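Here's the structure, in C-alpha cells; my notes come after.
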Amino acid sequence: MTTTLITGANKGLGFETARRLTAAGHTVYVGSRDIERGRRAAERLGTRIVQLDVTHDASVQAAAKSIEADGGLDVLINNAGIESLDADNNVIGAADVTADVMRHLFETNVFGTVRVTHAFLPLLRRSIAPVVVNVSSGLASLTRVTDADAPAYAYPGVAYPASKTAVNMITVQYAKAFPGMRINAVEPGFTKTDLNGNTGVQTVEQGAEIIVRMAQVGPDGPTGGYFDEAGPLPW
C-alpha cells in the first residue's frame with residue numbers, strides 16, 4: 001500500500017488530488033493547517049488527517065512523527081501555496097510589491113516546501129519507491145515569462161512567479177541529491193481555486209491530472225523534471 005501526504009489538501013487542487021489518489025488505492029493523509037477543516041475534508045474523502053502548517057517547524061515536525069508512528073511515507077506532494085493578492089483579489093504588481101510581501105509568500109511557497117521536504121526525507125528514504133511532487137506553476141518558466149507571445153508574459157506579479165521558480169530549482173537540486181527518489185515539479189494550469197480568487201479557467205479535476213500522474217511514477221520514471229499535462233516544460 002502506498003502512503004501519501006498532501007499539504008494544503010482540505011480544498012482545491014489538494015482535495016481533488018487526495019480524492020483521486022484514494023480512489024487509486026493510496027492511503028492518503030490530508031495535511032491541513034486548520035484541523036477542523038482538514039477533519040471535514042478527510043471525512044468526505046475517507047482519508048486520514050494530519051494537522052500541518054508548512055510555515056511552522058513544530059507543526060511540520062509533529063506531523064512527521066505522527067506519520068512515522070503510523071508506518072511511514074512513500075509519496076510527498078508539496079501542494080500548499082499562496083498568491084500575493086490585494087484586498088480586491090488583484091495580483092500585487094511590481095510597483096507595490098515590498099520585501100514583506102515577498103517574505104510572506106516565500107515563507108509558504110519556498111521555505112514551506114523545504115521545511116516539509118526536510119522533515120519527511122528520513123521517512124521517504126526508507127520507502128522502496130519514494131516520490132516527491134512539488135506543485136509549481138507555468139509562471140515559474142523564465143522561457144515563458146520572457147516570451148512576448150506567451151500568455152505568461154502579461155502576468156504583472158513579482159512574488160508568486162519568483163517563488164515558483166525557486167521551487168523549480170529546489171526540485172532539480174533535490175533530485176540530483178537523491179537519485180533513488182523520483183522528484184519532479186508540476187504545472188497544474190490556471191485552475192479555478194481560492195489561490196487566484198477563483199478566476200482560473202480550468203476545473204480542479206483538470207488541474208489535478210498532472211499532480212496525480214506524477215505522484216504515481218515508478219522507480220524508472222522521470223526525476224528532476226518540470227511537467228504539465230502535455231509533457232515537459234521549458235525552464
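Convention: chains lettered A, B, ... in C-alpha cells order; per-chain residue numbering from 1; ligands numbered from 1 as shown.
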
Counting only C-alpha atoms, what is within 9 Å of region 52-67 of chain A, bar same-chain residues fewer than 2 positions away, as a list in words?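 My reading of the contact set: Leu5, Thr7, Gly8, Tyr29, Val30, Gly31, Ser32, Arg33, Asp34, Ile35, Val50, Ala69, Asp70, Gly71, Gly72, Leu73, Ala80, Glu107, Thr108, Asn109, Phe111, Gly112, Thr113, Arg115, Val116, Ala119, Phe120 and Leu123 of chain A.
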
Determine, counting only C-alpha atoms, which protein, DNA and RNA residues have an atom within 8 Å of an atom of Thr165 (chain A); residues of the same chain fewer than 5 positions away are not included. Present the result as a PyMOL selection string. chain A and resi 136+139-142

For the residues in the current selection, export C-alpha atoms as a compact mmCIF listing (two decimals), in the first residue's frame.
# COMPACT_ATOMS: atom_id res chain seq x y z
CA SER A 136 4.88 24.70 -9.31
CA LEU A 139 4.73 31.30 -14.31
CA ALA A 140 7.92 29.69 -12.97
CA SER A 141 9.22 29.27 -16.52
CA LEU A 142 11.70 32.02 -17.40

I need the residues of region 30-224 of chain A that end up classed as alpha helix (DSSP H) by DSSP on the backbone, written out as a PyMOL selection string. chain A and resi 35-45+57-69+99-109+111-124+142-145+159-177+204-215

My list of candidates is A:Gly189, A:Pro219, A:Gly46, A:Gly157. Which is closest to Gly25 (chain A) when distances are computed with only C-alpha atoms? A:Gly46

Where does region 73-126 of chain A meet region 174-181 of chain A within 10 Å, residue by residue, with the nearest atom pair and distance in Å to one decimal for each, counting only C-alpha atoms, listed by chain and rising number, as CSV?
residue,atom,partner,partner_atom,distance
A:Asp74,CA,A:Met181,CA,9.8
A:Val75,CA,A:Met181,CA,9.8
A:Val114,CA,A:Tyr174,CA,9.8
A:Thr117,CA,A:Tyr174,CA,9.4
A:Leu121,CA,A:Phe178,CA,9.8
A:Leu124,CA,A:Met181,CA,8.2
A:Arg125,CA,A:Met181,CA,7.9

Selection above as a file: N, CA and C atoms, as an mmCIF file, in the first residue's frame:
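And here's result38.cif as it stands now:
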data_model
loop_
_atom_site.group_PDB
_atom_site.id
_atom_site.type_symbol
_atom_site.label_atom_id
_atom_site.label_comp_id
_atom_site.auth_asym_id
_atom_site.auth_seq_id
_atom_site.Cartn_x
_atom_site.Cartn_y
_atom_site.Cartn_z
ATOM 1 N N ASP A 74 5.518 7.179 1.502
ATOM 2 C CA ASP A 74 6.069 6.860 0.182
ATOM 3 C C ASP A 74 6.029 8.046 -0.778
ATOM 4 N N VAL A 75 4.980 8.855 -0.675
ATOM 5 C CA VAL A 75 4.796 9.960 -1.619
ATOM 6 C C VAL A 75 4.508 11.243 -0.846
ATOM 7 N N VAL A 114 10.677 23.470 1.532
ATOM 8 C CA VAL A 114 11.932 22.945 2.091
ATOM 9 C C VAL A 114 11.697 22.367 3.482
ATOM 10 N N THR A 117 9.817 19.011 3.128
ATOM 11 C CA THR A 117 10.667 18.005 2.482
ATOM 12 C C THR A 117 11.755 17.535 3.429
ATOM 13 N N LEU A 121 12.145 13.639 4.702
ATOM 14 C CA LEU A 121 13.188 12.899 3.986
ATOM 15 C C LEU A 121 13.551 11.573 4.660
ATOM 16 N N LEU A 124 10.880 9.115 3.660
ATOM 17 C CA LEU A 124 10.922 8.819 2.230
ATOM 18 C C LEU A 124 12.102 7.918 1.882
ATOM 19 N N ARG A 125 13.209 8.117 2.539
ATOM 20 C CA ARG A 125 14.415 7.338 2.225
ATOM 21 C C ARG A 125 14.269 5.874 2.655
#

Distance CA of Arg103 (chain A)-CA of Ser163 (chain A), one decimal place?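 Rounded to one decimal, the two atoms are 9.9 Å apart.
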
Just the strand (DSSP E or B) stuff from region 31-197 of chain A, please, per backbone DSSP, written as a ChimeraX atom specification. /A:31-32,48-51,75-78,85,91,93,131-135,157,182-186,191
